[in-house]
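The file data.pdb comes next; it holds PDB, C-alpha atoms.
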```
MODEL        1
ATOM      1  CA  MET A1329       0.000   0.000   0.000  1.00  0.00           C
ATOM      2  CA  LYS A1330       2.961   2.326   0.497  1.00  0.00           C
ATOM      3  CA  VAL A1331       3.742   2.026  -3.199  1.00  0.00           C
ATOM      4  CA  VAL A1332       0.170   3.056  -4.040  1.00  0.00           C
ATOM      5  CA  TYR A1333       0.378   6.117  -1.789  1.00  0.00           C
ATOM      6  CA  TYR A1334       3.815   7.137  -3.050  1.00  0.00           C
ATOM      7  CA  SER A1335       2.877   6.714  -6.694  1.00  0.00           C
ATOM      8  CA  ARG A1336      -0.356   8.695  -6.225  1.00  0.00           C
ATOM      9  CA  THR A1337       1.495  11.493  -4.449  1.00  0.00           C
ATOM     10  CA  PHE A1338       4.192  11.602  -7.114  1.00  0.00           C
ATOM     11  CA  MET A1339       1.662  11.611  -9.955  1.00  0.00           C
ATOM     12  CA  SER A1340      -0.336  14.318  -8.152  1.00  0.00           C
ATOM     13  CA  ILE A1341       2.744  16.528  -8.040  1.00  0.00           C
ATOM     14  CA  ILE A1342       3.546  15.892 -11.706  1.00  0.00           C
ATOM     15  CA  GLY A1343      -0.091  16.473 -12.700  1.00  0.00           C
ATOM     16  CA  GLY A1344      -0.229  19.685 -10.686  1.00  0.00           C
ATOM     17  CA  VAL A1345       2.876  21.053 -12.353  1.00  0.00           C
ATOM     18  CA  ILE A1346       1.540  20.146 -15.794  1.00  0.00           C
ATOM     19  CA  ALA A1347      -1.855  21.720 -15.069  1.00  0.00           C
ATOM     20  CA  GLY A1348      -0.166  24.864 -13.789  1.00  0.00           C
ATOM     21  CA  ILE A1349       2.171  25.192 -16.750  1.00  0.00           C
ATOM     22  CA  CYS A1350      -0.683  24.612 -19.222  1.00  0.00           C
ATOM     23  CA  GLY A1351      -2.663  27.361 -17.498  1.00  0.00           C
ATOM     24  CA  PHE A1352      -5.704  25.380 -16.432  1.00  0.00           C
ATOM     25  CA  THR A1353      -7.885  27.241 -13.949  1.00  0.00           C
ATOM     26  CA  GLY A1354     -11.009  26.414 -12.025  1.00  0.00           C
ATOM     27  CA  LEU A1355     -12.860  23.209 -12.706  1.00  0.00           C
ATOM     28  CA  MET A1356     -10.629  22.244 -15.614  1.00  0.00           C
ATOM     29  CA  GLY A1357      -7.703  21.822 -13.216  1.00  0.00           C
ATOM     30  CA  PHE A1358      -9.682  19.374 -11.112  1.00  0.00           C
ATOM     31  CA  VAL A1359     -10.649  17.477 -14.256  1.00  0.00           C
ATOM     32  CA  VAL A1360      -6.920  17.104 -14.936  1.00  0.00           C
ATOM     33  CA  TYR A1361      -6.513  15.699 -11.418  1.00  0.00           C
ATOM     34  CA  VAL A1362      -9.269  13.126 -11.935  1.00  0.00           C
ATOM     35  CA  LEU A1363      -7.698  12.088 -15.257  1.00  0.00           C
ATOM     36  CA  VAL A1364      -4.250  11.760 -13.694  1.00  0.00           C
ATOM     37  CA  MET A1365      -5.657   9.619 -10.883  1.00  0.00           C
ATOM     38  CA  ALA A1366      -7.570   7.449 -13.361  1.00  0.00           C
ATOM     39  CA  ILE A1367      -4.413   6.904 -15.408  1.00  0.00           C
ATOM     40  CA  THR A1368      -2.484   6.112 -12.235  1.00  0.00           C
ATOM     41  CA  SER A1369      -5.101   3.543 -11.196  1.00  0.00           C
ATOM     42  CA  VAL A1370      -4.971   1.873 -14.598  1.00  0.00           C
ATOM     43  CA  CYS A1371      -1.172   1.786 -14.499  1.00  0.00           C
ATOM     44  CA  LEU A1372      -1.139   0.290 -10.997  1.00  0.00           C
ATOM     45  CA  THR A1373      -3.662  -2.326 -12.067  1.00  0.00           C
ATOM     46  CA  ALA A1374      -1.604  -3.153 -15.166  1.00  0.00           C
ATOM     47  CA  ARG A1375       1.546  -3.345 -13.051  1.00  0.00           C
ATOM     48  CA  ALA A1376      -0.210  -5.894 -10.825  1.00  0.00           C
ATOM     49  CA  GLY A1377      -0.993  -7.957 -13.905  1.00  0.00           C
ATOM     50  CA  PHE A1378      -4.727  -7.222 -13.623  1.00  0.00           C
ATOM     51  CA  SER A1379      -4.916  -9.748 -10.766  1.00  0.00           C
ATOM     52  CA  ILE A1380      -5.825  -7.267  -8.048  1.00  0.00           C
ATOM     53  CA  HIS A1381      -6.854  -9.825  -5.453  1.00  0.00           C
ATOM     54  CA  SER A1382      -3.367 -11.328  -5.443  1.00  0.00           C
ATOM     55  CA  TYR A1383      -1.895  -8.056  -4.164  1.00  0.00           C
ATOM     56  CA  PHE A1384      -4.742  -6.048  -2.603  1.00  0.00           C
ATOM     57  CA  ASP A1385      -7.832  -6.677  -0.491  1.00  0.00           C
ATOM     58  CA  SER A1386     -10.287  -5.167  -2.954  1.00  0.00           C
ATOM     59  CA  TRP A1387     -10.608  -2.911  -5.982  1.00  0.00           C
ATOM     60  CA  ASN A1388     -11.241   0.070  -3.705  1.00  0.00           C
ATOM     61  CA  ARG A1389      -7.656  -0.133  -2.455  1.00  0.00           C
ATOM     62  CA  VAL A1390      -6.274   0.496  -5.920  1.00  0.00           C
ATOM     63  CA  LEU A1391      -8.909   2.901  -7.174  1.00  0.00           C
ATOM     64  CA  LEU A1392      -9.604   5.153  -4.189  1.00  0.00           C
ATOM     65  CA  ASP A1393      -6.874   4.947  -1.550  1.00  0.00           C
ATOM     66  CA  GLY A1394      -4.756   8.080  -1.515  1.00  0.00           C
ATOM     67  CA  PHE A1395      -7.173  10.007  -3.728  1.00  0.00           C
ATOM     68  CA  LEU A1396      -7.787  12.885  -1.301  1.00  0.00           C
ATOM     69  CA  GLY A1397      -4.244  12.948   0.056  1.00  0.00           C
ATOM     70  CA  GLY A1398      -2.948  13.445  -3.443  1.00  0.00           C
ATOM     71  CA  LEU A1399      -5.419  16.254  -4.013  1.00  0.00           C
ATOM     72  CA  LEU A1400      -3.644  18.500  -1.531  1.00  0.00           C
ATOM     73  CA  SER A1401      -0.287  17.961  -3.242  1.00  0.00           C
ATOM     74  CA  PHE A1402      -1.906  18.540  -6.622  1.00  0.00           C
ATOM     75  CA  VAL A1403      -3.430  21.877  -5.611  1.00  0.00           C
ATOM     76  CA  LEU A1404      -0.186  23.034  -4.003  1.00  0.00           C
ATOM     77  CA  PHE A1405       1.958  22.367  -7.066  1.00  0.00           C
ATOM     78  CA  TRP A1406      -0.785  23.454  -9.483  1.00  0.00           C
ATOM     79  CA  THR A1407      -0.996  26.913  -7.937  1.00  0.00           C
ATOM     80  CA  PHE A1408       2.784  27.138  -7.528  1.00  0.00           C
ATOM     81  CA  ALA A1409       3.497  26.298 -11.177  1.00  0.00           C
ATOM     82  CA  TYR A1410       0.667  28.532 -12.405  1.00  0.00           C
ATOM     83  CA  ASP A1411       1.985  31.478 -10.410  1.00  0.00           C
ATOM     84  CA  ILE A1412       5.553  31.034 -11.604  1.00  0.00           C
ATOM     85  CA  VAL A1413       4.654  30.682 -15.292  1.00  0.00           C
ATOM     86  CA  HIS A1414       1.653  32.970 -15.728  1.00  0.00           C
ATOM     87  CA  ILE A1415       1.910  35.635 -13.025  1.00  0.00           C
ATOM     88  CA  PHE A1416       5.605  36.307 -12.501  1.00  0.00           C
TER      89      PHE A1416
ENDMDL
END
```
Do you think you could lay out the structure here as structure tokens?
Amino acid sequence: MKVVYYSRTFMSIIGGVIAGICGFTGLMGFVVYVLVMAITSVCLTARAGFSIHSYFDSWNRVLLDGFLGGLLSFVLFWTFAYDIVHIF
């Protein structure tokens, strides 16, 4: 489960920087976050060989764990990158 949390946090940071550099604001930035988390979930599932029950308790562990924790990192780096590129 640590790998799931670390990968979600890392992808949240990368997604936030990309959203900030591209200039997404408002709801569109959160759509980027949902897409990044969906891609991360698919990649984690593919990495597990699509046999989730061999590695995790349920599908919810892969799909939802770390979703809100990553949101805070996403917003932090999204606003930071947006400010650096578009304001300064």
| request: Could you give me, as a list of chain:residue names, the residues within 9 Å of segment 1410-1416 of chain A, counting only C-alpha atoms and dropping anything in the same chain fewer than 3 positions from it? | output: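 In the requested format, the answer is A:Val1345, A:Ala1347, A:Gly1348, A:Ile1349, A:Cys1350, A:Gly1351, A:Phe1352, A:Thr1353, A:Phe1405, A:Trp1406, A:Thr1407.
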| field | Selection dump of the PyMOL selection byres ((chain A and resi 1360) around 10), as a ChimeraX atom specification | value | /A:1340,1343-1344,1346-1347,1352,1355-1359,1361-1366,1402
| Separation of atom CA of Gly1394 of chain A and atom CA of Thr1368 of chain A, in Å? |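 Going from atom CA of Gly1394 of chain A over to atom CA of Thr1368 of chain A, I get 11.1 Å.
For segment 1374-1389 of chain A, the non-local neighbours within 12 Å, defined as residues at least 4 positions apart in the same chain or in other chains and counting all atoms listed in the file, are Met1329, Lys1330, Val1331, Val1332, Tyr1333, Ser1335, Ile1367, Thr1368, Ser1369, Val1370, Asp1393, Gly1394 and Phe1395 of chain A.
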Around all the atoms of segment 1363-1379 of chain A listed in the file, draw an axis-aligned box and extend it by 5 Å on each of the six sides; I want its centre and edge lengths in Å to one decimal, as AutoDock Vina command-line options.
```
--center_x -3.1 --center_y 1.2 --center_z -13.1 --size_x 19.2 --size_y 31.8 --size_z 14.6
```
| task | Would you mind reading off the distance between atom CA of Leu1391 of chain A and atom CA of Cys1371 of chain A, one decimal, in Å? | result |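 Interatomic distance, atom CA of Leu1391 of chain A to atom CA of Cys1371 of chain A: 10.7 Å.
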